[in-house]
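Engineer: Sharing protein31.cif (mmCIF, C-alpha atoms) below.
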data_work
#
loop_
_atom_site.label_atom_id
_atom_site.label_comp_id
_atom_site.auth_asym_id
_atom_site.auth_seq_id
_atom_site.Cartn_x
_atom_site.Cartn_y
_atom_site.Cartn_z
CA MET H 26 0.42 2.32 14.73
CA GLY H 27 -1.63 3.18 17.80
CA CYS H 28 -3.34 6.32 18.97
CA GLY H 29 -0.20 8.02 20.31
CA MET H 30 -1.05 7.86 24.00
CA THR H 31 2.13 6.03 25.01
CA ARG H 32 4.28 8.47 23.06
CA ALA H 33 2.32 11.37 24.59
CA LEU H 34 2.91 10.12 28.12
CA ILE H 35 6.62 9.56 27.44
CA ALA H 36 6.90 13.08 26.01
CA PHE H 37 5.09 14.43 29.08
CA LEU H 38 7.48 12.60 31.41
CA THR H 39 10.41 14.20 29.57
CA LEU H 40 8.64 17.57 29.99
CA ASP H 41 8.02 18.03 26.27
CA ILE H 42 4.42 19.20 26.72
CA GLU H 43 3.99 20.45 23.14
CA LYS H 44 4.99 17.08 21.71
CA ALA H 45 2.77 15.32 24.26
CA PHE H 46 -0.26 17.24 22.99
CA TYR H 47 0.82 16.54 19.41
CA TYR H 48 0.90 12.80 20.03
CA HIS H 49 -2.44 12.75 21.87
CA PRO H 50 -4.47 15.77 23.00
CA LEU H 51 -6.26 13.73 25.68
CA PHE H 52 -3.18 12.64 27.61
CA PRO H 53 -4.10 14.93 30.57
CA VAL H 54 -7.39 13.04 30.88
CA VAL H 55 -5.52 9.78 31.46
CA ILE H 56 -3.34 11.43 34.08
CA LEU H 57 -6.41 12.85 35.85
CA ILE H 58 -8.13 9.46 35.81
CA VAL H 59 -5.09 7.79 37.35
CA LEU H 60 -4.82 10.51 40.00
CA GLY H 61 -8.55 10.22 40.74
CA TYR H 62 -8.24 6.45 41.07
CA ILE H 63 -5.31 6.79 43.48
CA ALA H 64 -7.11 9.48 45.50
CA GLU H 65 -10.17 7.27 45.78
CA LYS H 66 -8.11 4.23 46.84
CA LEU H 67 -6.44 6.39 49.51
CA GLN H 68 -9.97 7.48 50.53
CA TRP H 69 -9.26 11.15 49.94
CA ILE H 70 -12.32 11.40 47.70
CA HIS H 71 -15.27 9.22 46.78
CA PHE H 72 -17.03 8.98 43.43
CA SER H 73 -20.51 7.48 43.30
CA GLU H 74 -21.16 4.71 40.79
CA LYS H 75 -23.34 7.16 38.88
CA TRP H 76 -20.40 9.57 38.47
CA LYS H 77 -17.99 6.76 37.61
CA ASN H 78 -20.32 5.67 34.80
CA ARG H 79 -20.72 9.23 33.54
CA ILE H 80 -16.96 9.80 33.55
CA PHE H 81 -16.39 6.47 31.79
CA TRP H 82 -18.80 7.23 28.95
CA ILE H 83 -17.60 10.82 28.54
CA VAL H 84 -13.98 9.67 28.31
CA ILE H 85 -14.80 6.84 25.87
CA THR H 86 -16.76 9.27 23.70
CA LEU H 87 -13.91 11.80 23.72
CA PHE H 88 -11.38 9.16 22.73
CA ILE H 89 -13.55 7.89 19.88
CA VAL H 90 -14.20 11.43 18.60
CA VAL H 91 -10.50 12.35 18.71
CA TYR H 92 -9.52 9.09 17.01
CA VAL H 93 -12.07 9.51 14.20
CA ILE H 94 -11.11 13.15 13.66
CA ARG H 95 -7.44 12.19 13.44
CA LEU H 96 -8.19 9.41 10.96
CA VAL H 97 -10.34 11.65 8.78
CA MET H 98 -7.90 14.57 8.90
CA GLY H 99 -4.98 12.33 7.95
CA SER H 100 -2.94 12.69 11.13
CA GLU H 101 0.67 11.55 10.98
CA VAL H 102 0.25 10.01 14.43
CA VAL H 103 -2.79 7.89 13.62
CA ALA H 104 -2.80 5.92 10.40
CA PHE H 105 -5.15 3.18 9.24
CA ASP H 106 -3.08 0.27 7.94
CA PHE H 107 -5.34 -2.76 7.66
CA GLU H 108 -2.69 -4.98 6.06
CA ASN H 109 -0.37 -4.73 9.06
CA SER H 110 -3.02 -4.63 11.77
CA LEU H 111 -3.89 -7.57 13.98
CA LEU H 112 -7.29 -7.86 12.30
CA GLY H 113 -5.65 -7.75 8.87
CA LYS H 114 -3.21 -10.50 9.80
CA LEU H 115 -6.02 -12.64 11.20
CA TRP H 116 -8.05 -12.02 8.03
CA LYS H 117 -5.30 -13.56 5.88
#
Give the structure from this file in structure tokens form.

Structural biologist:
Amino acid sequence: MGCGMTRALIAFLTLDIEKAFYYHPLFPVVILIVLGYIAEKLQWIHFSEKWKNRIFWIVITLFIVVYVIRLVMGSEVVAFDFENSLLGKLWK
């Protein structure tokens, strides 16, 4: 099982915002990053490399923190299953 982001984005696209937040509370961050990327490519805005690096590390940190909290709290969305994971299969 993954982190729930795909399920969150599908729920968002079907306008089930509550379920989207249930599946992954950071789904709006992904949407904002995509919109920012598009806006920059269309030259509506410009982010310096310094800001791109800051945003990158903040987002990575947020995702790690949310993932660890969900693992520790026993979330139904995120479950650690080493036996069925890619690493577990390679280990065998």

Engineer: If you measure from atom CA of H:Gly113 to atom CA of H:Trp82, what distance in Å do you get, rounded to one decimal?

Structural biologist: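 One can read the atom CA of H:Gly113 to atom CA of H:Trp82 distance as 28.3 Å.
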
Engineer: Go ahead and compute the interatomic distance for atom CA of H:Tyr92 and atom CA of H:Lys77, in Å to one decimal.

Structural biologist: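 Going from atom CA of H:Tyr92 over to atom CA of H:Lys77 covers 22.4 Å.
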
Engineer: If you measure from atom CA of H:Leu67 to atom CA of H:Ala45, what distance in Å do you get, rounded to one decimal?

Structural biologist: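 We find that atom CA of H:Leu67 and atom CA of H:Ala45 lie 28.3 Å from each other.
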
Engineer: Measuring between only C-alpha atoms, which one of H:Asn78, H:Leu57, H:Met30, H:Val90 shows the shortest distance to H:Lys44?

Structural biologist: H:Met30

Engineer: Residues within 12 Å of H:Arg95, please, as a ChimeraX atom specification. Count all atoms listed in the file; anything in the same chain fewer than 2 positions from it doesn't count.

Structural biologist: /H:27-29,47-50,88-93,97-105

Engineer: Return the padded bounding box of stretch 87-106 of chain H as JSON: axis-aligned, built from all atoms listed in the file, 5 Å added on each side, with centre and edge lengths in Å to one decimal.

Structural biologist:
{"center_x": -6.8, "center_y": 7.4, "center_z": 15.8, "size_x": 24.9, "size_y": 24.3, "size_z": 25.8}

Engineer: Can you list, as number ranges by chain, every protein, DNA or RNA residue that comes within 7 Å of H:Phe52 when you count only C-alpha atoms, leaving out same-chain residues fewer than 4 positions away?

Structural biologist: H: 30, 33-34, 56
